[in-house]
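Here is query.pdb, consisting of PDB, C-alpha atoms:
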ATOM      1  CA  MET P  77      12.831  60.011 139.631
ATOM      2  CA  GLN P  78      14.774  56.823 140.071
ATOM      3  CA  ALA P  79      17.513  56.657 142.698
ATOM      4  CA  PRO P  80      20.984  56.334 141.083
ATOM      5  CA  GLU P  81      21.631  53.126 143.051
ATOM      6  CA  ALA P  82      18.433  51.550 141.696
ATOM      7  CA  SER P  83      19.207  52.498 138.100
ATOM      8  CA  ARG P  84      22.729  51.183 138.445
ATOM      9  CA  ARG P  85      21.384  47.897 139.717
ATOM     10  CA  ALA P  86      18.918  47.756 136.841
ATOM     11  CA  ALA P  87      21.715  48.431 134.356
ATOM     12  CA  LEU P  88      23.887  45.715 135.885
ATOM     13  CA  ALA P  89      20.985  43.273 135.782
ATOM     14  CA  ARG P  90      20.419  44.117 132.117
ATOM     15  CA  ALA P  91      24.125  43.671 131.338
ATOM     16  CA  ALA P  92      24.101  40.303 133.104
ATOM     17  CA  LYS P  93      21.064  39.224 131.103
ATOM     18  CA  VAL P  94      22.700  40.223 127.819
ATOM     19  CA  ALA P  95      25.891  38.372 128.790
ATOM     20  CA  ALA P  96      23.845  35.293 129.669
ATOM     21  CA  LEU P  97      22.051  35.463 126.310
ATOM     22  CA  LEU P  98      25.327  35.853 124.423
ATOM     23  CA  ALA P  99      26.882  32.978 126.349
ATOM     24  CA  GLY P 100      23.824  30.876 125.583
ATOM     25  CA  ALA P 101      24.117  31.681 121.909
ATOM     26  CA  GLY P 102      27.776  30.660 122.012
ATOM     27  CA  VAL P 103      28.991  34.155 121.153
ATOM     28  CA  LEU P 104      31.176  34.271 124.223
ATOM     29  CA  GLY P 105      32.117  30.632 123.742
ATOM     30  CA  GLY P 106      35.873  30.779 124.159
ATOM     31  CA  ALA P 107      35.927  33.934 126.184
ATOM     32  CA  SER P 108      36.304  32.387 129.601
ATOM     33  CA  SER P 109      39.775  33.759 130.348
ATOM     34  CA  ALA P 110      40.310  37.329 131.469
ATOM     35  CA  ALA P 111      42.614  37.794 128.480
ATOM     36  CA  SER P 112      39.791  37.589 125.954
ATOM     37  CA  ALA P 113      37.054  39.184 128.052
ATOM     38  CA  GLN P 114      34.746  41.584 126.256
ATOM     39  CA  PRO P 115      35.124  45.237 127.203
ATOM     40  CA  GLU P 116      32.447  45.948 129.775
ATOM     41  CA  SER P 117      29.882  48.254 128.260
ATOM     42  CA  ALA P 118      28.367  49.153 131.609
ATOM     43  CA  TRP P 119      29.867  51.559 134.089
ATOM     44  CA  ASN P 120      32.032  49.539 136.490
ATOM     45  CA  ALA P 121      31.260  50.975 139.944
ATOM     46  CA  ARG P 122      34.039  49.069 141.712
ATOM     47  CA  ALA P 123      36.672  50.338 139.295
ATOM     48  CA  PHE P 124      35.465  53.947 139.521
ATOM     49  CA  GLU P 125      35.426  53.837 143.336
ATOM     50  CA  ALA P 126      38.916  52.300 143.618
ATOM     51  CA  LYS P 127      41.352  54.231 145.827
ATOM     52  CA  THR P 128      44.574  52.869 144.325
ATOM     53  CA  VAL P 129      45.810  51.995 140.847
ATOM     54  CA  ALA P 130      46.182  48.334 141.918
ATOM     55  CA  GLU P 131      42.599  48.237 143.195
ATOM     56  CA  ALA P 132      41.251  49.770 139.965
ATOM     57  CA  MET P 133      43.147  47.256 137.822
ATOM     58  CA  ARG P 134      41.823  44.383 139.961
ATOM     59  CA  ALA P 135      38.257  45.678 139.609
ATOM     60  CA  LEU P 136      38.731  45.683 135.826
ATOM     61  CA  GLY P 137      40.068  42.120 135.934
ATOM     62  CA  GLN P 138      43.509  43.260 134.775
ATOM     63  CA  ALA P 139      47.042  42.502 135.902
ATOM     64  CA  MET P 140      49.224  45.449 136.905
ATOM     65  CA  PRO P 141      50.440  47.248 133.778
ATOM     66  CA  ILE P 142      54.083  47.379 132.700
ATOM     67  CA  GLU P 143      55.748  50.683 131.804
ATOM     68  CA  SER P 144      56.098  51.127 128.037
ATOM     69  CA  ARG P 145      57.455  53.807 125.718
ATOM     70  CA  GLU P 146      54.677  52.939 123.312
ATOM     71  CA  VAL P 147      52.142  54.478 125.638
ATOM     72  CA  THR P 148      52.158  58.258 125.819
ATOM     73  CA  ILE P 149      50.791  60.813 128.217
ATOM     74  CA  VAL P 150      50.947  64.551 127.689
ATOM     75  CA  ALA P 151      50.066  66.756 130.627
ATOM     76  CA  PRO P 152      51.268  70.117 131.940
ATOM     77  CA  GLU P 153      54.226  70.082 134.390
ATOM     78  CA  ILE P 154      52.417  72.605 136.506
ATOM     79  CA  ALA P 155      48.658  73.033 136.450
ATOM     80  CA  GLU P 156      47.504  76.299 137.937
ATOM     81  CA  ASN P 157      43.894  75.194 138.005
ATOM     82  CA  GLY P 158      43.367  71.638 139.179
ATOM     83  CA  ALA P 159      39.680  71.818 138.228
ATOM     84  CA  ALA P 160      40.456  71.376 134.526
ATOM     85  CA  VAL P 161      43.825  69.881 133.629
ATOM     86  CA  PRO P 162      44.188  68.997 129.929
ATOM     87  CA  ILE P 163      45.622  65.521 129.486
ATOM     88  CA  ALA P 164      46.243  63.566 126.286
ATOM     89  CA  ILE P 165      46.754  59.814 126.327
ATOM     90  CA  GLY P 166      47.666  57.531 123.457
ATOM     91  CA  SER P 167      49.376  54.358 122.359
ATOM     92  CA  SER P 168      51.159  53.131 119.254
ATOM     93  CA  LEU P 169      50.767  49.483 120.315
ATOM     94  CA  ALA P 170      48.795  47.131 118.078
ATOM     95  CA  GLY P 171      45.573  45.602 119.376
ATOM     96  CA  VAL P 172      44.575  48.213 121.961
ATOM     97  CA  ARG P 173      41.021  47.588 123.161
ATOM     98  CA  ARG P 174      40.830  50.132 125.929
ATOM     99  CA  MET P 175      42.625  53.242 127.176
ATOM    100  CA  LEU P 176      42.438  54.321 130.810
ATOM    101  CA  LEU P 177      43.298  57.595 132.513
ATOM    102  CA  LEU P 178      44.098  57.442 136.223
ATOM    103  CA  VAL P 179      45.099  60.156 138.703
ATOM    104  CA  GLU P 180      46.944  58.498 141.566
ATOM    105  CA  LYS P 181      46.130  60.929 144.373
ATOM    106  CA  ASN P 182      42.520  61.711 143.502
ATOM    107  CA  PRO P 183      39.847  60.428 145.936
ATOM    108  CA  ALA P 184      39.007  57.844 143.251
ATOM    109  CA  VAL P 185      41.899  57.055 140.919
ATOM    110  CA  LEU P 186      40.121  56.048 137.709
ATOM    111  CA  SER P 187      39.008  59.134 135.788
ATOM    112  CA  ALA P 188      38.011  57.826 132.371
ATOM    113  CA  ALA P 189      37.995  54.693 130.228
ATOM    114  CA  PHE P 190      37.670  54.650 126.435
ATOM    115  CA  ASP P 191      36.745  51.458 124.565
ATOM    116  CA  VAL P 192      38.507  51.574 121.226
ATOM    117  CA  SER P 193      37.091  50.150 117.995
ATOM    118  CA  ASP P 194      38.621  49.741 114.527
ATOM    119  CA  ALA P 195      37.239  53.139 113.577
ATOM    120  CA  VAL P 196      38.884  55.070 116.436
ATOM    121  CA  SER P 197      42.572  55.703 117.135
ATOM    122  CA  PRO P 198      43.664  54.929 120.698
ATOM    123  CA  GLU P 199      44.359  58.635 121.277
ATOM    124  CA  PHE P 200      42.220  60.848 123.448
ATOM    125  CA  ALA P 201      42.438  64.269 124.992
ATOM    126  CA  ILE P 202      40.239  65.236 127.907
ATOM    127  CA  ARG P 203      40.257  67.665 130.836
ATOM    128  CA  VAL P 204      40.152  66.215 134.340
ATOM    129  CA  LYS P 205      40.180  67.411 137.931
ATOM    130  CA  VAL P 206      43.430  66.833 139.779
ATOM    131  CA  ASN P 207      42.971  67.228 143.537
ATOM    132  CA  GLN P 208      46.645  67.594 144.485
ATOM    133  CA  SER P 209      50.061  67.142 142.867
ATOM    134  CA  SER P 210      50.082  63.578 141.636
ATOM    135  CA  ASP P 211      51.313  61.042 139.132
ATOM    136  CA  VAL P 212      48.878  60.689 136.236
ATOM    137  CA  TYR P 213      48.740  57.373 134.371
ATOM    138  CA  ALA P 214      47.763  56.418 130.839
ATOM    139  CA  VAL P 215      47.094  52.691 130.583
ATOM    140  CA  ALA P 216      46.600  50.729 127.355
ATOM    141  CA  LEU P 217      44.736  47.426 127.691
ATOM    142  CA  LEU P 218      45.371  45.072 124.790
ATOM    143  CA  ASN P 219      43.159  42.429 123.200
ATOM    144  CA  ASP P 220      45.528  39.716 124.435
ATOM    145  CA  GLY P 221      45.059  40.813 128.068
ATOM    146  CA  ARG P 222      48.384  42.597 128.517
ATOM    147  CA  ALA P 223      48.476  46.092 129.982
ATOM    148  CA  PHE P 224      51.041  48.870 129.577
ATOM    149  CA  PHE P 225      51.347  52.314 131.100
ATOM    150  CA  ALA P 226      53.035  55.676 130.940
ATOM    151  CA  LYS P 227      52.990  58.171 133.769
ATOM    152  CA  LYS P 228      53.637  61.838 134.318
ATOM    153  CA  ASP P 229      53.956  63.943 137.432
ATOM    154  CA  VAL P 230      51.580  66.902 137.487
ATOM    155  CA  ARG P 231      52.040  69.659 140.089
ATOM    156  CA  VAL P 232      48.888  71.464 141.040
ATOM    157  CA  THR P 233      48.799  74.922 142.593
ATOM    158  CA  LEU P 234      45.043  75.005 143.200
ATOM    159  CA  GLY P 235      43.297  71.710 143.936
ATOM    160  CA  GLY P 236      40.559  70.450 141.664
ATOM    161  CA  CYS P 237      37.974  68.843 143.910
ATOM    162  CA  ALA P 238      37.352  71.719 146.274
ATOM    163  CA  ALA P 239      37.388  74.154 143.345
TER     164      ALA P 239
ATOM    165  CA  MET G 131      17.364  70.510 131.516
ATOM    166  CA  THR G 132      20.357  69.345 129.571
ATOM    167  CA  GLN G 133      22.227  71.495 127.080
ATOM    168  CA  PRO G 134      23.341  70.399 123.600
ATOM    169  CA  THR G 135      26.762  68.911 122.979
ATOM    170  CA  ARG G 136      28.847  70.935 120.543
ATOM    171  CA  ILE G 137      30.497  68.708 117.971
ATOM    172  CA  ARG G 138      33.189  69.593 115.451
ATOM    173  CA  ALA G 139      34.688  66.996 113.139
ATOM    174  CA  GLN G 140      37.311  67.900 110.554
ATOM    175  CA  THR G 141      38.848  65.501 108.082
ATOM    176  CA  SER G 142      42.397  65.746 106.793
ATOM    177  CA  GLY G 143      43.665  62.743 104.861
ATOM    178  CA  ASP G 144      42.306  59.528 106.362
ATOM    179  CA  ARG G 145      41.958  61.039 109.839
ATOM    180  CA  THR G 146      39.013  62.914 111.228
ATOM    181  CA  VAL G 147      39.642  64.881 114.396
ATOM    182  CA  VAL G 148      36.481  65.098 116.469
ATOM    183  CA  ARG G 149      36.187  67.688 119.217
ATOM    184  CA  MET G 150      33.156  67.627 121.439
ATOM    185  CA  LEU G 151      32.134  69.910 124.245
ATOM    186  CA  LEU G 152      29.562  68.360 126.531
ATOM    187  CA  SER G 153      27.567  70.569 128.824
ATOM    188  CA  HIS G 154      27.428  69.144 132.346
ATOM    189  CA  GLU G 155      28.186  70.195 135.933
ATOM    190  CA  MET G 156      30.290  67.056 136.601
ATOM    191  CA  GLU G 157      29.853  67.564 140.354
ATOM    192  CA  SER G 158      32.651  65.617 142.065
ATOM    193  CA  GLY G 159      30.876  64.691 145.291
ATOM    194  CA  GLN G 160      33.836  66.161 147.206
ATOM    195  CA  ARG G 161      32.617  69.739 147.530
ATOM    196  CA  LYS G 162      30.647  71.147 150.427
ATOM    197  CA  ASP G 163      27.994  73.851 150.241
ATOM    198  CA  ALA G 164      27.908  76.982 152.438
ATOM    199  CA  ALA G 165      26.172  75.010 155.219
ATOM    200  CA  GLY G 166      28.965  72.419 155.247
ATOM    201  CA  GLN G 167      26.844  69.733 153.604
ATOM    202  CA  THR G 168      28.517  67.581 150.959
ATOM    203  CA  ILE G 169      27.131  68.274 147.486
ATOM    204  CA  PRO G 170      26.247  64.875 146.016
ATOM    205  CA  ALA G 171      28.185  63.623 143.001
ATOM    206  CA  TRP G 172      26.448  64.164 139.662
ATOM    207  CA  PHE G 173      28.376  63.324 136.515
ATOM    208  CA  ILE G 174      28.249  61.814 133.045
ATOM    209  CA  ARG G 175      28.952  58.112 133.402
ATOM    210  CA  GLU G 176      28.785  56.815 129.869
ATOM    211  CA  VAL G 177      29.388  58.417 126.515
ATOM    212  CA  SER G 178      28.927  56.792 123.149
ATOM    213  CA  VAL G 179      30.004  58.081 119.768
ATOM    214  CA  LEU G 180      28.351  56.798 116.592
ATOM    215  CA  LEU G 181      29.465  57.279 113.004
ATOM    216  CA  ASN G 182      26.505  57.125 110.602
ATOM    217  CA  GLY G 183      24.557  55.348 113.338
ATOM    218  CA  LYS G 184      27.230  52.719 113.969
ATOM    219  CA  PRO G 185      28.885  52.735 117.444
ATOM    220  CA  VAL G 186      32.595  53.511 117.179
ATOM    221  CA  LEU G 187      33.474  54.491 120.745
ATOM    222  CA  ALA G 188      32.146  53.834 124.232
ATOM    223  CA  ALA G 189      33.594  55.710 127.174
ATOM    224  CA  GLN G 190      32.981  55.446 130.892
ATOM    225  CA  TRP G 191      33.777  58.374 133.128
ATOM    226  CA  GLY G 192      34.083  59.051 136.827
ATOM    227  CA  PRO G 193      33.363  62.330 138.638
ATOM    228  CA  ALA G 194      36.982  63.459 138.101
ATOM    229  CA  VAL G 195      36.290  64.505 134.511
ATOM    230  CA  ALA G 196      36.215  68.310 134.477
ATOM    231  CA  LYS G 197      33.043  70.393 134.318
ATOM    232  CA  ASN G 198      31.733  70.824 130.762
ATOM    233  CA  PRO G 199      33.901  68.011 129.413
ATOM    234  CA  LEU G 200      35.979  68.760 126.332
ATOM    235  CA  VAL G 201      37.100  65.633 124.519
ATOM    236  CA  GLN G 202      39.186  65.154 121.407
ATOM    237  CA  LEU G 203      39.439  61.910 119.491
ATOM    238  CA  SER G 204      40.494  60.739 116.069
ATOM    239  CA  LEU G 205      38.377  58.644 113.690
ATOM    240  CA  LYS G 206      39.666  56.509 110.858
ATOM    241  CA  GLY G 207      37.727  56.224 107.619
ATOM    242  CA  ALA G 208      35.181  58.999 108.178
ATOM    243  CA  LYS G 209      34.287  61.179 105.170
ATOM    244  CA  PRO G 210      32.924  64.714 104.845
ATOM    245  CA  GLY G 211      29.138  64.553 105.130
ATOM    246  CA  ASP G 212      29.170  61.609 107.572
ATOM    247  CA  ARG G 213      26.986  61.976 110.642
ATOM    248  CA  ILE G 214      28.501  61.885 114.123
ATOM    249  CA  THR G 215      26.243  61.241 117.090
ATOM    250  CA  VAL G 216      27.342  61.843 120.663
ATOM    251  CA  ALA G 217      25.097  60.382 123.354
ATOM    252  CA  TRP G 218      25.567  60.384 127.117
ATOM    253  CA  VAL G 219      23.849  59.219 130.275
ATOM    254  CA  ASP G 220      24.637  60.701 133.681
ATOM    255  CA  SER G 221      24.566  59.358 137.234
ATOM    256  CA  ARG G 222      20.959  60.558 137.662
ATOM    257  CA  GLY G 223      19.884  58.633 134.567
ATOM    258  CA  GLU G 224      19.451  61.739 132.419
ATOM    259  CA  ARG G 225      20.266  61.240 128.759
ATOM    260  CA  ARG G 226      21.113  63.401 125.817
ATOM    261  CA  SER G 227      22.032  62.770 122.199
ATOM    262  CA  ASP G 228      23.314  65.302 119.647
ATOM    263  CA  GLU G 229      24.490  65.169 116.083
ATOM    264  CA  GLY G 230      27.219  66.801 114.029
ATOM    265  CA  VAL G 231      28.422  66.495 110.467
ATOM    266  CA  VAL G 232      31.973  65.727 109.346
ATOM    267  CA  THR G 233      33.526  68.547 107.302
TER     268      THR G 233
END
Re-express the file's structure as structure tokens.
Amino acid sequence: MQAPEASRRAALARAAKVAALLAGAGVLGGASSAASAQPESAWNARAFEAKTVAEAMRALGQAMPIESREVTIVAPEIAENGAAVPIAIGSSLAGVRRMLLLVEKNPAVLSAAFDVSDAVSPEFAIRVKVNQSSDVYAVALLNDGRAFFAKKDVRVTLGGCAA
Amino acid sequence: MTQPTRIRAQTSGDRTVVRMLLSHEMESGQRKDAAGQTIPAWFIREVSVLLNGKPVLAAQWGPAVAKNPLVQLSLKGAKPGDRITVAWVDSRGERRSDEGVVT
């Protein structure tokens, strides 16, 4: 069996090679600015290990998002079981390329990222662990590089990580 | 051993609601065993969804996604009879791919 660290490194090396090939072929020609960057297909370790929302956004090469009514988050006010809290995130904005779900007070804030295509609506429901009462963020990343968020406070009676 | 992903996809109008239930421990890396040793994190890192073999969604997850992840998403332009493939790879490099049919 391969150690996770080794396989991650191999995956990153592969991703770098593919990017180099694409750049060579001119596919990524004008994509030098963060605004038009391709969605990373590989798992971004730095983003998933980030301890704060700001750190996660930096790791993803994004500016801090702005609050918007066109981003939605639906989560229970009170979650009895923090081990599986149902959360729905969505956006009615045009040109969404990625949706993020972050739990501010979890040991690592970024829970999930969904890369949207033309065939998928930017609306997802998933169950996540919430360690303690916390703000939960839905973030929509747009094709033009802008980022918007909505947040909701979730109170947890029984923590999710120790459960 | 990995267990199959259960996939349900129902079309109404131009929307197809896909529900998938993945079978995985999603160990957070925060828990300790009876001896006080931290149980290492073990979770699905990447999920891809394909419609008739064409990738339509890529997702990356951290260990905070709940055990046996239940995900709902909405596809545009899928028709009854279309094939939906859900594939994942976890932090140990284990992979699994399962198929469902749009109804």
- Item | Selected residue, from P:Ala226, P:Val185, P:Leu217, P:Val206, that lies nearest to Ala160 (chain P) when counting all atoms listed in the file |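 Using all atoms listed in the file, the shortest distance to Ala160 (chain P) belongs to P:Val206.
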- Message: Give me, as a list in words, all polymer residues having an atom no more than 9 Å from region 177-184 of chain G, counting all atoms listed in the file and skipping those fewer than 5 positions away in the same chain.
- Response: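 Returned residues: Ala195 of chain P; Ala189, Gln190, Trp191, Ala208, Asp212, Arg213, Ile214, Thr215, Val216, Ala217, Trp218, Val219 and Asp220 of chain G.
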The selected residues should be written to file as a compact mmCIF listing (two decimals), in the frame of the given file (atoms: C-alpha atoms).
# COMPACT_ATOMS: atom_id res chain seq x y z
CA ALA P 195 37.24 53.14 113.58
CA ALA G 189 33.59 55.71 127.17
CA GLN G 190 32.98 55.45 130.89
CA TRP G 191 33.78 58.37 133.13
CA ALA G 208 35.18 59.00 108.18
CA ASP G 212 29.17 61.61 107.57
CA ARG G 213 26.99 61.98 110.64
CA ILE G 214 28.50 61.88 114.12
CA THR G 215 26.24 61.24 117.09
CA VAL G 216 27.34 61.84 120.66
CA ALA G 217 25.10 60.38 123.35
CA TRP G 218 25.57 60.38 127.12
CA VAL G 219 23.85 59.22 130.28
CA ASP G 220 24.64 60.70 133.68
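In chain P, the set of residues within 6 Å of chain G (atoms considered: all atoms listed in the file) is P:Pro80, P:Trp119, P:Phe124, P:Ala160, P:Ser187, P:Ala188, P:Ala189, P:Phe190, P:Asp191, P:Val192, P:Ser193, P:Ala195, P:Val196, P:Ser197, P:Phe200, P:Ala201, P:Ile202, P:Arg203, P:Val204, P:Lys205, P:Cys237, P:Ala238.
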The selected residues should be written to file as a PDB file, keeping the file's coordinate frame (atoms: C-alpha atoms).
ATOM      1  CA  PRO P  80      20.984  56.334 141.083  1.00  0.00           C
ATOM      2  CA  TRP P 119      29.867  51.559 134.089  1.00  0.00           C
ATOM      3  CA  PHE P 124      35.465  53.947 139.521  1.00  0.00           C
ATOM      4  CA  ALA P 160      40.456  71.376 134.526  1.00  0.00           C
ATOM      5  CA  SER P 187      39.008  59.134 135.788  1.00  0.00           C
ATOM      6  CA  ALA P 188      38.011  57.826 132.371  1.00  0.00           C
ATOM      7  CA  ALA P 189      37.995  54.693 130.228  1.00  0.00           C
ATOM      8  CA  PHE P 190      37.670  54.650 126.435  1.00  0.00           C
ATOM      9  CA  ASP P 191      36.745  51.458 124.565  1.00  0.00           C
ATOM     10  CA  VAL P 192      38.507  51.574 121.226  1.00  0.00           C
ATOM     11  CA  SER P 193      37.091  50.150 117.995  1.00  0.00           C
ATOM     12  CA  ALA P 195      37.239  53.139 113.577  1.00  0.00           C
ATOM     13  CA  VAL P 196      38.884  55.070 116.436  1.00  0.00           C
ATOM     14  CA  SER P 197      42.572  55.703 117.135  1.00  0.00           C
ATOM     15  CA  PHE P 200      42.220  60.848 123.448  1.00  0.00           C
ATOM     16  CA  ALA P 201      42.438  64.269 124.992  1.00  0.00           C
ATOM     17  CA  ILE P 202      40.239  65.236 127.907  1.00  0.00           C
ATOM     18  CA  ARG P 203      40.257  67.665 130.836  1.00  0.00           C
ATOM     19  CA  VAL P 204      40.152  66.215 134.340  1.00  0.00           C
ATOM     20  CA  LYS P 205      40.180  67.411 137.931  1.00  0.00           C
ATOM     21  CA  CYS P 237      37.974  68.843 143.910  1.00  0.00           C
ATOM     22  CA  ALA P 238      37.352  71.719 146.274  1.00  0.00           C
TER      23      ALA P 238
END
- Which residues, written as a list in words, have at least one atom at most 8 Å from region 168-173 of chain P, with all atoms listed in the file counted and residues fewer than 2 positions away on the same chain left out?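 Using all atoms listed in the file, the neighbours found are Pro115, Glu146, Val147, Gly166, Met175, Asp191, Val192, Ser193, Pro198, Ala216, Leu217, Leu218, Asn219 and Asp220 of chain P.
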Just-selected residues, C-alpha atoms written as a short mmCIF file (atom, residue, chain, number, x, y, z; two decimals), in the frame of the given file:
data_model
loop_
_atom_site.label_atom_id
_atom_site.label_comp_id
_atom_site.auth_asym_id
_atom_site.auth_seq_id
_atom_site.Cartn_x
_atom_site.Cartn_y
_atom_site.Cartn_z
CA PRO P 115 35.12 45.24 127.20
CA GLU P 146 54.68 52.94 123.31
CA VAL P 147 52.14 54.48 125.64
CA GLY P 166 47.67 57.53 123.46
CA MET P 175 42.62 53.24 127.18
CA ASP P 191 36.74 51.46 124.56
CA VAL P 192 38.51 51.57 121.23
CA SER P 193 37.09 50.15 118.00
CA PRO P 198 43.66 54.93 120.70
CA ALA P 216 46.60 50.73 127.36
CA LEU P 217 44.74 47.43 127.69
CA LEU P 218 45.37 45.07 124.79
CA ASN P 219 43.16 42.43 123.20
CA ASP P 220 45.53 39.72 124.44
#
- Message: When the PyMOL selection byres ((chain G and resi 231) around 8) is applied to the structure above, which residues does it catch, written out as number ranges by chain?
- Response: G: 138-139, 210-214, 229-230, 232-233
Draw an axis-aligned box over all listed atoms of region 216-234 of chain P, pad each side with 8 Å, and write its centre and edge lengths in Å, one decimal, as AutoDock Vina command-line options.
--center_x 48.6 --center_y 57.4 --center_z 133.2 --size_x 26.8 --size_y 51.3 --size_z 36.0
- Item | Expansion of the PyMOL selection byres ((chain P and resi 151) around 8) into residues, as a list in words | Ile149, Val150, Pro152, Glu153, Val161, Pro162, Ile163, Ala164, Lys228 and Val230 of chain P
- Message: Using Å and a single decimal, report how far CA of Lys227 (chain P) sits from CA of Arg145 (chain P).
- Response: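 Interatomic distance, CA of Arg145 (chain P) to CA of Lys227 (chain P): 10.2 Å.
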- Resolved residues for the PyMOL selection byres ((chain P and resi 129) around 8) as a list of chain:residue names: P:Ala126, P:Lys127, P:Thr128, P:Ala130, P:Glu131, P:Ala132, P:Met133, P:Leu178, P:Glu180, P:Val185, P:Leu186
Could you please take those selected residues and save C-alpha atoms as a PDB file, in the coordinates of the input?
ATOM      1  CA  ALA P 126      38.916  52.300 143.618  1.00  0.00           C
ATOM      2  CA  LYS P 127      41.352  54.231 145.827  1.00  0.00           C
ATOM      3  CA  THR P 128      44.574  52.869 144.325  1.00  0.00           C
ATOM      4  CA  ALA P 130      46.182  48.334 141.918  1.00  0.00           C
ATOM      5  CA  GLU P 131      42.599  48.237 143.195  1.00  0.00           C
ATOM      6  CA  ALA P 132      41.251  49.770 139.965  1.00  0.00           C
ATOM      7  CA  MET P 133      43.147  47.256 137.822  1.00  0.00           C
ATOM      8  CA  LEU P 178      44.098  57.442 136.223  1.00  0.00           C
ATOM      9  CA  GLU P 180      46.944  58.498 141.566  1.00  0.00           C
ATOM     10  CA  VAL P 185      41.899  57.055 140.919  1.00  0.00           C
ATOM     11  CA  LEU P 186      40.121  56.048 137.709  1.00  0.00           C
TER      12      LEU P 186
END
- Please work out which residues fall within 8 Å of (25.3, 70.6, 126.2), coordinates as given in the file, with only C-alpha atoms counting, and return them as a ChimeraX atom specification. /G:132-136,151-154,198
- Query: Can you tell me how far CA of Glu199 (chain P) sits from CA of Ser167 (chain P), in Å to one decimal?
  - Reply: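 Rounded to one decimal, the two atoms are 6.7 Å apart.
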- Task: Determine, counting all atoms listed in the file, which protein, DNA and RNA residues have an atom within 6 Å of an atom of Glu125 (chain P); residues of the same chain fewer than 2 positions away are not included. Present the result as a PyMOL selection string.
- Result: chain P and resi 122-123+184
Could you rebuild region 191-203 of chain G with N, CA, C and O atoms and give it back as a compact mmCIF listing (two decimals), in the coordinates of the input?
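Output file out_7.txt is given in full below:
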# COMPACT_ATOMS: atom_id res chain seq x y z
N TRP G 191 33.10 57.32 132.38
CA TRP G 191 33.78 58.37 133.13
C TRP G 191 33.43 58.31 134.60
O TRP G 191 32.35 57.86 134.98
N GLY G 192 34.35 58.85 135.41
CA GLY G 192 34.08 59.05 136.83
C GLY G 192 33.86 60.54 137.08
O GLY G 192 33.91 61.34 136.14
N PRO G 193 33.64 60.92 138.33
CA PRO G 193 33.36 62.33 138.64
C PRO G 193 34.59 63.22 138.51
O PRO G 193 34.48 64.43 138.66
N ALA G 194 35.77 62.65 138.23
CA ALA G 194 36.98 63.46 138.10
C ALA G 194 37.10 64.14 136.74
O ALA G 194 37.98 64.98 136.55
N VAL G 195 36.26 63.79 135.79
CA VAL G 195 36.29 64.50 134.51
C VAL G 195 35.80 65.94 134.77
O VAL G 195 34.85 66.15 135.54
N ALA G 196 36.49 66.90 134.18
CA ALA G 196 36.22 68.31 134.48
C ALA G 196 34.82 68.73 134.04
O ALA G 196 34.22 68.13 133.14
N LYS G 197 34.33 69.79 134.68
CA LYS G 197 33.04 70.39 134.32
C LYS G 197 33.02 70.75 132.83
O LYS G 197 34.02 71.20 132.29
N ASN G 198 31.88 70.59 132.20
CA ASN G 198 31.73 70.82 130.76
C ASN G 198 32.84 70.12 129.97
O ASN G 198 33.71 70.78 129.39
N PRO G 199 32.79 68.79 129.98
CA PRO G 199 33.90 68.01 129.41
C PRO G 199 34.19 68.34 127.95
O PRO G 199 33.28 68.45 127.14
N LEU G 200 35.49 68.52 127.69
CA LEU G 200 35.98 68.76 126.33
C LEU G 200 36.82 67.55 125.95
O LEU G 200 37.77 67.22 126.64
N VAL G 201 36.42 66.87 124.90
CA VAL G 201 37.10 65.63 124.52
C VAL G 201 37.53 65.72 123.07
O VAL G 201 36.79 66.23 122.22
N GLN G 202 38.74 65.24 122.79
CA GLN G 202 39.19 65.15 121.41
C GLN G 202 39.55 63.72 121.09
O GLN G 202 40.18 63.03 121.89
N LEU G 203 39.09 63.25 119.93
CA LEU G 203 39.44 61.91 119.49
C LEU G 203 39.62 61.92 117.99
O LEU G 203 39.35 62.91 117.32
